Every structure is written in structure tokens, then in C-alpha cells.
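Dropping final-v5.txt in here (compact mmCIF, C-alpha atoms):
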```
# COMPACT_ATOMS: atom_id res chain seq x y z
CA MET A 299 9.87 76.04 66.83
CA LYS A 300 7.25 73.91 65.07
CA ASN A 301 6.29 70.54 66.51
CA LEU A 302 6.41 67.32 64.48
CA GLU A 303 2.74 67.39 63.50
CA GLU A 304 3.12 70.90 62.10
CA LEU A 305 6.25 69.87 60.20
CA LYS A 306 4.44 66.86 58.74
CA LYS A 307 1.77 69.20 57.38
CA ASP A 308 4.45 71.46 55.90
CA TYR A 309 6.05 68.39 54.32
CA ALA A 310 2.75 67.23 52.83
CA ASP A 311 2.09 70.73 51.44
CA LEU A 312 5.57 70.83 49.91
CA ILE A 313 5.04 67.43 48.26
CA VAL A 314 1.66 68.38 46.80
CA LYS A 315 2.58 71.90 45.67
CA ALA A 316 6.26 71.58 44.65
CA GLY A 317 6.60 67.83 44.24
CA ILE A 318 3.67 66.52 42.23
CA ASN A 319 2.32 70.08 41.74
CA ILE A 320 -1.25 68.87 41.37
CA GLN A 321 -3.42 71.00 39.08
CA LYS A 322 -7.10 71.90 39.33
CA GLY A 323 -9.24 69.18 37.79
CA GLN A 324 -6.38 66.65 37.74
CA ARG A 325 -6.62 63.21 39.32
CA LEU A 326 -3.93 61.92 41.67
CA VAL A 327 -2.88 58.30 42.12
CA LEU A 328 -1.46 58.08 45.64
CA SER A 329 0.51 54.97 46.69
CA CYS A 330 1.35 54.64 50.37
CA PRO A 331 2.03 52.00 53.05
CA VAL A 332 -1.13 51.41 55.07
CA GLU A 333 0.96 51.93 58.22
CA GLU A 334 1.26 55.58 57.23
CA ALA A 335 -2.43 56.22 56.57
CA ASP A 336 -2.33 59.41 58.66
CA PHE A 337 0.26 60.95 56.33
CA ALA A 338 -1.67 59.75 53.28
CA ARG A 339 -4.65 61.68 54.62
CA LEU A 340 -2.52 64.83 54.93
CA LEU A 341 -1.43 64.42 51.30
CA ALA A 342 -4.98 63.77 50.09
CA LYS A 343 -6.35 66.79 51.98
CA ALA A 344 -3.61 69.05 50.58
CA ALA A 345 -4.32 67.72 47.07
CA TYR A 346 -8.05 68.40 47.33
CA GLU A 347 -7.38 71.88 48.70
CA ALA A 348 -5.22 72.51 45.61
CA GLY A 349 -8.14 71.56 43.33
CA CYS A 350 -7.49 67.85 42.74
CA LYS A 351 -10.43 66.18 41.01
CA GLU A 352 -10.03 62.81 42.79
CA VAL A 353 -7.43 61.04 44.90
CA ILE A 354 -7.16 57.36 43.96
CA MET A 355 -5.56 55.36 46.79
CA ARG A 356 -3.25 52.39 46.32
CA TRP A 357 -2.30 50.90 49.69
CA SER A 358 0.70 48.65 50.31
CA ASP A 359 1.88 46.54 53.23
CA ASP A 360 5.26 44.88 53.75
CA ASP A 361 3.81 41.81 55.44
CA LEU A 362 1.22 41.18 52.72
CA THR A 363 3.86 41.65 50.01
CA ARG A 364 6.12 39.15 51.76
CA TYR A 365 3.28 36.63 52.21
CA LYS A 366 2.49 36.87 48.50
CA PHE A 367 6.06 36.08 47.43
CA LEU A 368 6.36 33.27 49.97
CA TYR A 369 2.99 31.55 49.63
CA ALA A 370 1.05 32.61 46.50
CA ALA A 371 0.51 30.15 43.66
CA ASP A 372 3.63 29.99 41.53
CA GLU A 373 1.95 30.85 38.24
CA ILE A 374 0.79 34.29 39.38
CA PHE A 375 4.34 35.63 39.05
CA ASP A 376 4.26 35.13 35.28
CA SER A 377 1.33 37.40 34.43
CA VAL A 378 -0.35 40.70 35.33
CA ASP A 379 -4.13 41.11 35.45
CA HIS A 380 -5.47 43.09 32.49
CA TRP A 381 -7.61 45.32 34.72
CA PHE A 382 -4.49 46.56 36.55
CA VAL A 383 -2.70 47.34 33.28
CA GLU A 384 -5.78 49.09 31.91
CA MET A 385 -6.11 51.21 35.06
CA LEU A 386 -2.55 52.55 34.88
CA GLU A 387 -2.66 53.07 31.12
CA THR A 388 -5.98 54.92 31.32
CA LEU A 389 -4.87 57.19 34.16
CA SER A 390 -1.49 57.95 32.60
CA GLU A 391 -3.08 58.66 29.22
CA GLU A 392 -5.38 61.25 30.79
CA GLY A 393 -2.40 62.93 32.50
CA ALA A 394 -3.06 62.02 36.12
CA GLY A 395 -0.35 62.66 38.70
CA PHE A 396 1.40 59.69 40.30
CA LEU A 397 2.65 60.19 43.87
CA SER A 398 4.45 57.33 45.60
CA VAL A 399 5.34 57.20 49.29
CA TYR A 400 8.28 54.80 49.12
CA ALA A 401 8.96 53.32 52.57
CA GLU A 402 9.63 49.65 53.09
CA ASP A 403 11.64 47.23 55.15
CA PRO A 404 14.91 47.01 53.19
CA GLU A 405 15.11 43.25 53.76
CA ASN A 406 11.44 42.39 53.50
CA LEU A 407 12.07 39.76 50.79
CA LYS A 408 15.50 38.48 51.85
CA ASP A 409 14.35 34.83 52.21
CA VAL A 410 12.11 34.81 49.14
CA ASP A 411 12.97 32.65 46.12
CA PRO A 412 14.89 35.09 43.84
CA ASP A 413 13.38 33.42 40.79
CA ARG A 414 9.89 34.49 41.85
CA ILE A 415 11.07 38.09 42.18
CA LYS A 416 12.74 38.02 38.77
CA ARG A 417 9.73 36.47 37.02
CA ASN A 418 7.40 38.99 38.64
CA GLN A 419 9.66 41.82 37.48
CA ILE A 420 9.72 40.46 33.92
CA SER A 421 5.95 39.98 33.68
CA SER A 422 5.27 43.42 35.19
CA GLY A 423 7.86 45.07 32.97
CA LYS A 424 6.34 43.64 29.80
CA ALA A 425 2.72 44.28 30.76
CA LEU A 426 3.31 47.84 31.96
CA GLU A 427 5.66 48.95 29.17
CA THR A 428 3.35 51.70 27.89
CA TYR A 429 2.81 53.10 31.38
CA ARG A 430 6.53 52.89 32.21
CA LEU A 431 7.59 54.72 29.05
CA ARG A 432 5.08 57.49 29.73
CA MET A 433 6.62 57.98 33.16
CA MET A 434 10.19 57.96 31.79
CA ARG A 435 9.21 60.60 29.21
CA ASN A 436 7.47 62.75 31.84
CA ASP A 437 4.17 62.52 29.99
CA CYS A 438 2.62 62.72 33.48
CA PRO A 439 3.92 64.42 36.62
CA TRP A 440 5.25 61.95 39.15
CA CYS A 441 6.93 62.20 42.51
CA VAL A 442 8.57 59.78 44.97
CA VAL A 443 8.87 60.67 48.65
CA SER A 444 9.35 58.77 51.92
CA VAL A 445 8.08 58.68 55.49
CA PRO A 446 9.23 56.37 58.30
CA THR A 447 7.75 52.96 58.89
CA LYS A 448 8.61 51.03 62.03
CA SER A 449 10.57 48.28 60.27
CA TRP A 450 12.51 50.72 58.10
CA ALA A 451 13.34 52.99 61.07
CA LYS A 452 14.61 50.03 63.09
CA ALA A 453 16.80 48.92 60.17
CA VAL A 454 18.37 52.38 60.01
CA PHE A 455 18.70 52.84 63.78
CA PRO A 456 18.89 49.32 65.27
CA GLU A 457 20.34 50.65 68.52
CA LEU A 458 17.17 52.66 69.29
CA GLY A 459 13.77 51.58 70.50
CA GLU A 460 11.02 51.43 67.90
CA GLU A 461 9.32 54.73 68.78
CA GLU A 462 12.62 56.57 69.17
CA ALA A 463 13.87 55.18 65.86
CA VAL A 464 10.76 56.44 64.04
CA LEU A 465 11.11 59.91 65.55
CA LYS A 466 14.81 60.00 64.66
CA LEU A 467 14.09 58.98 61.07
CA TRP A 468 11.37 61.63 60.81
CA ALA A 469 13.92 64.24 61.88
CA GLU A 470 16.46 63.07 59.28
CA ILE A 471 13.88 62.98 56.48
CA LEU A 472 12.59 66.46 57.24
CA ASN A 473 16.14 67.80 57.36
CA ALA A 474 17.07 66.16 54.04
CA CYS A 475 13.96 67.63 52.43
CA ARG A 476 14.68 71.10 53.84
CA VAL A 477 11.41 71.18 55.78
CA ASP A 478 12.75 71.80 59.29
CA GLY A 479 14.36 75.20 58.69
CA GLY A 480 11.73 77.90 58.17
CA ASP A 481 9.73 78.23 54.96
CA ALA A 482 9.84 74.78 53.31
CA ALA A 483 8.60 75.98 49.91
CA LYS A 484 11.14 78.84 49.84
CA ASN A 485 13.95 76.48 50.88
CA TRP A 486 12.99 74.08 48.09
CA ARG A 487 12.86 76.80 45.44
CA GLU A 488 16.32 78.04 46.42
CA HIS A 489 17.68 74.49 46.29
CA SER A 490 16.13 73.89 42.87
CA ASP A 491 17.74 77.10 41.63
CA GLU A 492 21.15 75.82 42.77
CA LEU A 493 20.62 72.52 40.97
CA ARG A 494 19.67 74.40 37.81
CA ARG A 495 22.92 76.36 38.06
CA HIS A 496 24.90 73.11 37.91
CA VAL A 497 22.68 71.89 35.07
CA GLU A 498 23.40 75.05 33.09
CA ILE A 499 27.16 74.74 33.60
CA MET A 500 27.21 71.10 32.48
CA ASN A 501 25.04 71.84 29.46
CA ASN A 502 27.23 74.77 28.42
CA TYR A 503 30.29 72.52 28.35
CA ASN A 504 28.48 69.93 26.18
CA PHE A 505 31.04 67.27 27.09
CA LYS A 506 31.82 64.45 24.69
CA SER A 507 32.94 62.02 27.40
CA LEU A 508 33.60 61.57 31.12
CA ARG A 509 36.33 59.77 33.07
CA TYR A 510 35.82 58.60 36.69
CA HIS A 511 38.43 57.45 39.22
CA ASN A 512 38.63 56.89 42.97
CA ALA A 513 40.54 54.81 45.51
CA ALA A 514 37.55 52.51 46.07
CA GLY A 515 38.30 50.99 42.65
CA THR A 516 36.04 52.83 40.24
CA ASP A 517 37.98 53.51 37.04
CA VAL A 518 35.72 54.01 34.06
CA THR A 519 35.23 56.06 30.91
CA LEU A 520 32.05 56.78 28.98
CA ASP A 521 30.73 58.84 26.10
CA LEU A 522 27.68 61.12 26.14
CA PRO A 523 25.23 61.07 23.21
CA GLU A 524 25.02 63.77 20.59
CA GLY A 525 22.23 66.14 21.56
CA HIS A 526 22.20 65.11 25.22
CA PHE A 527 21.33 67.47 28.04
CA TRP A 528 21.73 67.42 31.81
CA ALA A 529 18.66 67.71 34.05
CA GLY A 530 18.04 68.32 37.73
CA GLY A 531 15.66 70.08 40.07
CA ASP A 532 12.24 70.83 38.58
CA GLU A 533 11.11 68.96 35.49
CA VAL A 534 8.25 69.71 33.10
CA CYS A 535 5.46 67.28 32.20
CA LYS A 536 3.71 67.04 28.84
CA ALA A 537 0.99 69.46 29.92
CA GLY A 538 3.65 72.09 30.67
CA HIS A 539 3.55 72.03 34.48
CA ASN A 540 6.69 71.88 36.63
CA PHE A 541 7.13 69.05 39.13
CA SER A 542 9.90 67.53 41.26
CA ALA A 543 10.22 63.81 40.62
CA ASN A 544 12.13 63.15 43.85
CA ILE A 545 11.97 64.83 47.25
CA PRO A 546 14.74 64.98 48.32
CA THR A 547 17.05 65.40 45.35
CA GLU A 548 20.66 66.55 45.11
CA GLU A 549 21.52 65.26 41.63
CA VAL A 550 22.05 66.49 38.11
CA PHE A 551 21.90 63.67 35.60
CA THR A 552 22.00 62.58 31.99
CA LEU A 553 22.50 59.35 30.04
CA PRO A 554 25.60 57.63 28.64
CA VAL A 555 25.99 56.20 25.15
CA ARG A 556 24.82 52.62 25.65
CA ASP A 557 27.89 50.84 24.28
CA SER A 558 30.54 53.30 25.43
CA ILE A 559 31.27 52.48 29.09
CA ASN A 560 34.47 50.58 29.82
CA GLY A 561 36.15 49.82 33.12
CA LYS A 562 35.17 49.00 36.69
CA LEU A 563 32.39 50.47 38.84
CA VAL A 564 32.60 49.87 42.59
CA ALA A 565 29.63 50.56 44.86
CA THR A 566 30.36 52.69 47.91
CA ARG A 567 26.97 52.22 49.61
CA PRO A 568 24.70 49.19 49.98
CA LEU A 569 21.82 48.90 47.52
CA CYS A 570 18.32 47.91 48.63
CA LEU A 571 17.21 45.82 45.68
CA ASN A 572 13.95 43.87 45.44
CA GLY A 573 13.55 43.59 49.20
CA THR A 574 17.15 42.52 49.79
CA ILE A 575 20.30 44.43 50.75
CA VAL A 576 23.12 44.01 48.22
CA ASP A 577 26.47 45.10 49.63
CA LYS A 578 30.15 45.37 48.72
CA PHE A 579 29.59 44.84 45.02
CA TYR A 580 31.19 45.88 41.75
CA PHE A 581 30.73 45.59 38.00
CA ILE A 582 33.24 44.98 35.22
CA VAL A 583 31.96 46.70 32.09
CA LYS A 584 33.05 46.19 28.49
CA ASP A 585 31.60 48.15 25.57
CA GLY A 586 28.73 49.23 27.80
CA LYS A 587 27.75 45.78 29.01
CA ILE A 588 28.19 44.36 32.50
CA VAL A 589 30.33 41.28 31.90
CA GLU A 590 31.03 40.54 35.58
CA ALA A 591 29.03 41.28 38.73
CA HIS A 592 30.24 40.37 42.19
CA ALA A 593 28.84 41.06 45.66
CA GLU A 594 29.73 39.92 49.16
CA LYS A 595 26.03 40.06 50.06
CA GLY A 596 23.02 39.56 47.78
CA GLU A 597 24.97 38.49 44.68
CA GLU A 598 22.21 36.24 43.30
CA VAL A 599 19.64 39.03 43.61
CA LEU A 600 22.03 41.43 41.87
CA LYS A 601 22.73 39.02 39.01
CA ASN A 602 19.01 38.40 38.54
CA ALA A 603 18.38 42.16 38.39
CA ILE A 604 20.89 42.70 35.57
CA THR A 605 19.47 39.85 33.47
CA VAL A 606 15.72 40.56 33.44
CA ASP A 607 16.22 41.65 29.82
CA GLU A 608 19.08 42.60 27.51
CA GLY A 609 19.06 46.28 28.46
CA ALA A 610 19.35 45.53 32.17
CA SER A 611 23.04 44.73 31.76
CA TYR A 612 23.70 48.15 30.19
CA PHE A 613 23.44 51.61 31.74
CA GLY A 614 20.83 54.34 31.45
CA GLU A 615 21.94 57.11 33.81
CA VAL A 616 24.96 58.95 35.17
CA ALA A 617 24.27 61.35 38.02
CA LEU A 618 26.46 63.89 39.80
CA VAL A 619 25.95 64.49 43.53
CA PRO A 620 28.44 66.40 45.71
CA TYR A 621 29.91 64.29 48.49
CA ASP A 622 29.46 67.33 50.74
CA SER A 623 25.66 67.11 50.58
CA PRO A 624 23.11 67.26 53.42
CA ILE A 625 22.33 63.54 53.26
CA GLN A 626 25.99 62.48 53.20
CA ASN A 627 26.80 64.94 55.97
CA SER A 628 24.02 63.54 58.15
CA GLY A 629 26.09 60.37 58.53
CA VAL A 630 22.94 58.28 58.12
CA LEU A 631 22.82 55.22 55.86
CA PHE A 632 19.13 55.34 54.96
CA LEU A 633 18.90 51.91 53.29
CA ASN A 634 16.48 53.56 50.88
CA THR A 635 17.65 54.46 47.37
CA LEU A 636 15.65 57.70 47.27
CA PHE A 637 17.92 59.05 50.01
CA ASP A 638 21.15 57.10 49.51
CA GLU A 639 21.39 58.01 45.81
CA ASN A 640 21.24 61.65 46.85
CA ALA A 641 24.24 61.24 49.11
CA SER A 642 26.52 60.07 46.32
CA CYS A 643 27.34 60.19 42.63
CA HIS A 644 25.63 57.22 41.06
CA PHE A 645 24.94 55.24 37.92
CA ALA A 646 21.81 53.31 37.00
CA PHE A 647 21.69 50.07 35.07
CA GLY A 648 18.68 49.63 32.80
CA GLU A 649 16.32 52.12 31.18
CA ALA A 650 17.56 55.59 30.23
CA TYR A 651 15.62 58.78 30.76
CA PRO A 652 15.58 60.25 27.23
CA CYS A 653 17.67 63.36 28.01
CA ILE A 654 18.03 64.11 24.30
CA HIS A 655 16.93 67.35 22.67
CA GLY A 656 13.92 66.58 20.47
CA SER A 657 13.47 63.06 21.83
CA GLU A 658 9.69 63.54 21.95
CA ASN A 659 9.71 63.60 18.14
CA MET A 660 12.09 60.65 17.67
CA THR A 661 11.25 56.98 17.25
CA GLU A 662 12.63 54.27 19.50
CA GLU A 663 14.89 53.13 16.66
CA GLU A 664 16.28 56.65 16.22
CA LEU A 665 16.97 56.97 19.95
CA LYS A 666 18.65 53.57 20.07
CA ALA A 667 20.85 54.61 17.16
CA ILE A 668 22.34 57.48 19.17
CA GLY A 669 22.91 55.30 22.22
CA VAL A 670 19.75 55.39 24.37
CA ASN A 671 19.32 52.19 26.40
CA TYR A 672 15.92 50.50 26.78
CA SER A 673 14.99 48.11 29.57
CA MET A 674 12.10 47.20 31.84
CA THR A 675 14.27 48.05 34.87
CA HIS A 676 16.10 51.10 36.21
CA GLU A 677 18.22 50.71 39.36
CA ASP A 678 20.49 53.39 40.81
CA PHE A 679 23.64 52.40 42.71
CA MET A 680 26.13 54.65 44.44
CA ILE A 681 29.82 55.09 43.52
CA GLY A 682 30.62 58.46 45.12
CA SER A 683 33.49 58.88 47.59
CA PRO A 684 35.45 61.68 49.30
CA ASP A 685 38.25 61.33 46.74
CA LEU A 686 36.18 60.86 43.56
CA SER A 687 37.64 62.55 40.49
CA ILE A 688 35.56 63.20 37.36
CA ILE A 689 37.13 64.67 34.23
CA GLY A 690 35.03 65.94 31.35
CA ILE A 691 36.46 65.88 27.83
CA THR A 692 35.06 68.40 25.36
CA HIS A 693 34.57 67.83 21.64
CA ASP A 694 37.80 69.79 21.11
CA GLY A 695 39.73 67.41 23.37
CA GLU A 696 40.02 69.83 26.30
CA GLU A 697 40.01 68.15 29.72
CA VAL A 698 37.96 69.92 32.40
CA GLU A 699 37.98 68.93 36.06
CA ILE A 700 34.32 68.52 37.09
CA PHE A 701 34.78 66.77 40.46
CA ARG A 702 37.77 66.98 42.78
CA ASP A 703 37.77 65.25 46.19
CA GLY A 704 34.17 64.19 45.71
CA ASN A 705 32.72 67.65 45.00
CA PHE A 706 32.02 69.98 42.09
CA THR A 707 34.90 72.26 41.21
CA PHE A 708 32.42 74.90 39.98
```
Translate this file's structure into C-alpha cells.
Amino acid sequence: MKNLEELKKDYADLIVKAGINIQKGQRLVLSCPVEEADFARLLAKAAYEAGCKEVIMRWSDDDLTRYKFLYAADEIFDSVDHWFVEMLETLSEEGAGFLSVYAEDPENLKDVDPDRIKRNQISSGKALETYRLRMMRNDCPWCVVSVPTKSWAKAVFPELGEEEAVLKLWAEILNACRVDGGDAAKNWREHSDELRRHVEIMNNYNFKSLRYHNAAGTDVTLDLPEGHFWAGGDEVCKAGHNFSANIPTEEVFTLPVRDSINGKLVATRPLCLNGTIVDKFYFIVKDGKIVEAHAEKGEEVLKNAITVDEGASYFGEVALVPYDSPIQNSGVLFLNTLFDENASCHFAFGEAYPCIHGSENMTEEELKAIGVNYSMTHEDFMIGSPDLSIIGITHDGEEVEIFRDGNFTF
């Protein structure tokens, strides 16, 4: 039985080789909380051993982020320094890999003025549009992973002491990423193969529309664009290399026609949004647009998030995740979207991944014409439940049961 330090090394190797899949001579932009510098070093060492040209570090810290939003001069939230924009555009243009260790206190910004958060999101979204679109198109390989921080672990396991909570969260993360059961790389390849099987089935059906229903209150219909495809598991960047954008991942996903969604979407898990927990919320949607948004907790933050631009109140992703998945079965509410979205079917409001055959040769106007949504934001929220039903309707009008009792029927 391997000890935790050995498992951490296996995890870092999996991230570098199967996640970002760094190539010889390629640069890597590594973002990580300074609290987890030891794990960042494991990642950097694994990247250099794989032939990485240079690891460029971007450190973060919850306390410093909070201080900035509480005390910084008000005008700084309305602009982004040109040197920062130039750095990301230059690195993404050359095809660098972008690896993000996403681990933060889920309520780090709960007392911050929501207007500051919204203005910062708008200014960043506008300034970094080129970089963001490159990432959405997979021009560069990118990968998001997580490791425990003390504040996050205590939020997930408040009944435990700090050290015990961190160890418990490590165990849950390693289990969810299939690292704690033998050969991590082999486990991940087998899992990716299973995801591709579901992708192939969904693509073979080529559904025209989907209909969702559950007892929680979700009751919605949507159309899928002409030429759409489902994705999941490994993806391919512009240079032709495979990568896994999320570790862990349990989803297969595509995009809806922007103006086609009608009905009610009810969240079944809290959403950690801009440093605040939003809970017990739902959307009323008409012709694709969110016309009502209500939440028992964090409503103002939610309403700000869906109004940062026009596209933020429309949807860019529908994702299928079996309710009987490792993360759901763990019984842990991670308070981290990377994990919670992979415990549940989910939607995302905002930007769409262009899951359209030939999209790389289409203009923005052409993509918009077939229903692709554009926005400076992309936020996943969970609607899965143990009784979720999803019906797919083919172009011939045949109804096919995709999900019964929260799981694939395939």
C-alpha cells in the first residue's frame, strides 16, 4: 500500500502526462495556491522530466485575493494591465500548456461588494477575450486539477480538525481521480475509454432535441445545433496532442441551440461562485434566456453573474453525468465545481464550447447563426438527481430514453 507522499507523486505524474500531456520543448504556465508549493514543485519536476522547456509559475493566495477585493482602490476593478494581457496572449499563441491547480476557500469573498466582483469579471472578460477564445477552442492544451488547502478542507469537513480534514480531502481527491487503486495512468486510460463509449453512442443518435424532468422541479426542453457533436474524456489541441481538460471528469457534453431552451432548471447542489456559495436556486428560461433567477443564499451574486454580458443569461453547455458516479457515491459535497459538476448532470450559463463539426473554419457570425452562445463567462451548475429522466428526440421524431433514475440507460 503506497503512502500519501507516493500517491501525490503518482497524481502529479498523471496530471503532467495524461492531463496537460506536456510535450518536449513546450512551455507550461502553472497556476497554484502558494500554500501548496510542495505539490507545485512535484508538478514542475514531472514537467521538466517530460521535456518541458520552461515552467512559468503563477502563485495565488486566498487572503491576498480577499484583501484586494476589500481594500484596493476602486478604479482597479475596471481595467486589466496590458502586460498581463500580452503575457497570456503571447504564451497561448505559441501553444504553451496551461495547468491550473484550482483550490480555494469557497466563501473567500462572501463579504465583498458584489459590484466589485462583477466589474472585475467584465474588465477581465473583455481584456482577455483572445486568450479565452483560444482556450475554449482548445488551441492550447489546458488542464484543471485540485489539491486540498486548509480552508477548503475545513469547509468540506467542518467536524474534523484542520490536519485531519486535509488528509481526508486528499483521500477523497485521489479516489475521485482514480489514483489510489493501482496504476493511475492505466486507470485513467480505462476511464477515458468508457467516456468515449458514451460519446460514440450519443453521436450516433445525432439527437435533434432533449427533454429533462425530475422531482426537484427541473422540467425543460432544448434543441441541439445542426452539426453538433458530444465530447468527453481526452480532447485534442491544435498541435494534435491529446490532453484531459479536467481531472477528475465523469461527463460527456455538448452545446444547446442558444434560443431553444424553455422551462425550469433547479439546482440540486450548491454552486461556489465568485468566492460565495449560492444555494437552493433555480432559473426560469424562455427562448433560451434566463428570465428569472432565485436563490435562498447568494441571490445577488447569482444575478450579477448572469448579467455580466448578454450571453451570460443564455446557456453554453449541457453535460451528462451518471448519478451513480464515484464522486456522487463518495457522499462528499466538495464545494468545488471541478468535483461537484462531476457528481451530477449539469448545465452551464455563458460561453459555449464550439462542439460543431468544422467550427475551426467558421466565423463567429456563422457559429452564432446555428445557435452557438458567446459570453465572457462560463459557469456550470448541477441539476442531476436520483430520479432524473432525459429523453432524446431524433430527427425522425423517435423518442429514446437516455437517462432513467439518474443514470444512462446504455
Using only C-alpha atoms: which of A:Ser422, A:Ser542, A:Asn436, A:Asn502 has the shortest distance to Val314 in chain A: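 Of A:Ser422, A:Ser542, A:Asn436, A:Asn502, the one nearest Val314 in chain A, counting only C-alpha atoms, is A:Ser542.
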Return as JSON lines the residues of range 412-467 of chain A lying at most 9 Å from range 318-323 of chain A, together with the closest atom-to-atom pair for each and the distance in Å to one decimal, counting all atoms listed in the file, with rows in chain order and ascending residue number.
```
{"residue": "A:Pro439", "atom": "CA", "partner": "A:Ile318", "partner_atom": "CA", "distance": 6.0}
{"residue": "A:Trp440", "atom": "CA", "partner": "A:Ile318", "partner_atom": "CA", "distance": 5.7}
{"residue": "A:Cys441", "atom": "CA", "partner": "A:Ile318", "partner_atom": "CA", "distance": 5.4}
{"residue": "A:Val442", "atom": "CA", "partner": "A:Ile318", "partner_atom": "CA", "distance": 8.8}
```
Straight-line distance linking CA of Val443 in chain A with CA of Gly530 in chain A, stated in Å to one decimal: 16.2 Å
With only C-alpha atoms as the atoms that count, which of A:Met674, A:Ala591, A:Leu520, A:Ala335 lies nearest to Leu431 in chain A?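 The answer is A:Met674, which sits nearest to Leu431 in chain A.
Residues in contact range of Thr635 in chain A, defined as at most 10 Å between only C-alpha atoms, with sequence neighbours fewer than 2 positions away removed, read Tyr400, Pro404, Arg567, Pro568, Leu569, Cys570, Leu571, Leu631, Phe632, Leu633, Phe637, Asp638, Glu639, Asn640, Ala641, Glu677, Asp678, Phe679 and Met680 of chain A.
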With range 577-582 of chain A as the partner and 10 Å as the cut-off, tabulate the residues of range 442-521 of chain A that qualify, each row holding the nearest pair of atoms and their distance in Å to one decimal, using only C-alpha atoms, sorted by chain and rising number, as CSV.
```
residue,atom,partner,partner_atom,distance
A:Gly515,CA,A:Tyr580,CA,8.8
A:Thr516,CA,A:Tyr580,CA,8.6
A:Asp517,CA,A:Ile582,CA,9.9
A:Val518,CA,A:Ile582,CA,9.4
```
As an exercise, work out the distance from CA of Glu615 in chain A to CA of Phe551 in chain A in Å and give it to one decimal place.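 Pair CA of Glu615 in chain A / CA of Phe551 in chain A returns 6.8 Å.
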Which neighbours of range 451-466 of chain A fall inside 12 Å, counting all atoms listed in the file, when residues of the same chain fewer than 5 positions from it are skipped, and could you give them as a list in words?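 These residues fall inside the cut-off: Asn301, Leu302, Glu303, Lys306, Glu334, Ala401, Glu402, Asp403, Pro404, Glu405, Asn406, Ser444, Val445, Pro446, Ile471, Leu472, Asn473, Cys570, Ile575, Ser628, Gly629, Val630, Leu631, Phe632, Leu633, Asn634 and Asp638 of chain A.
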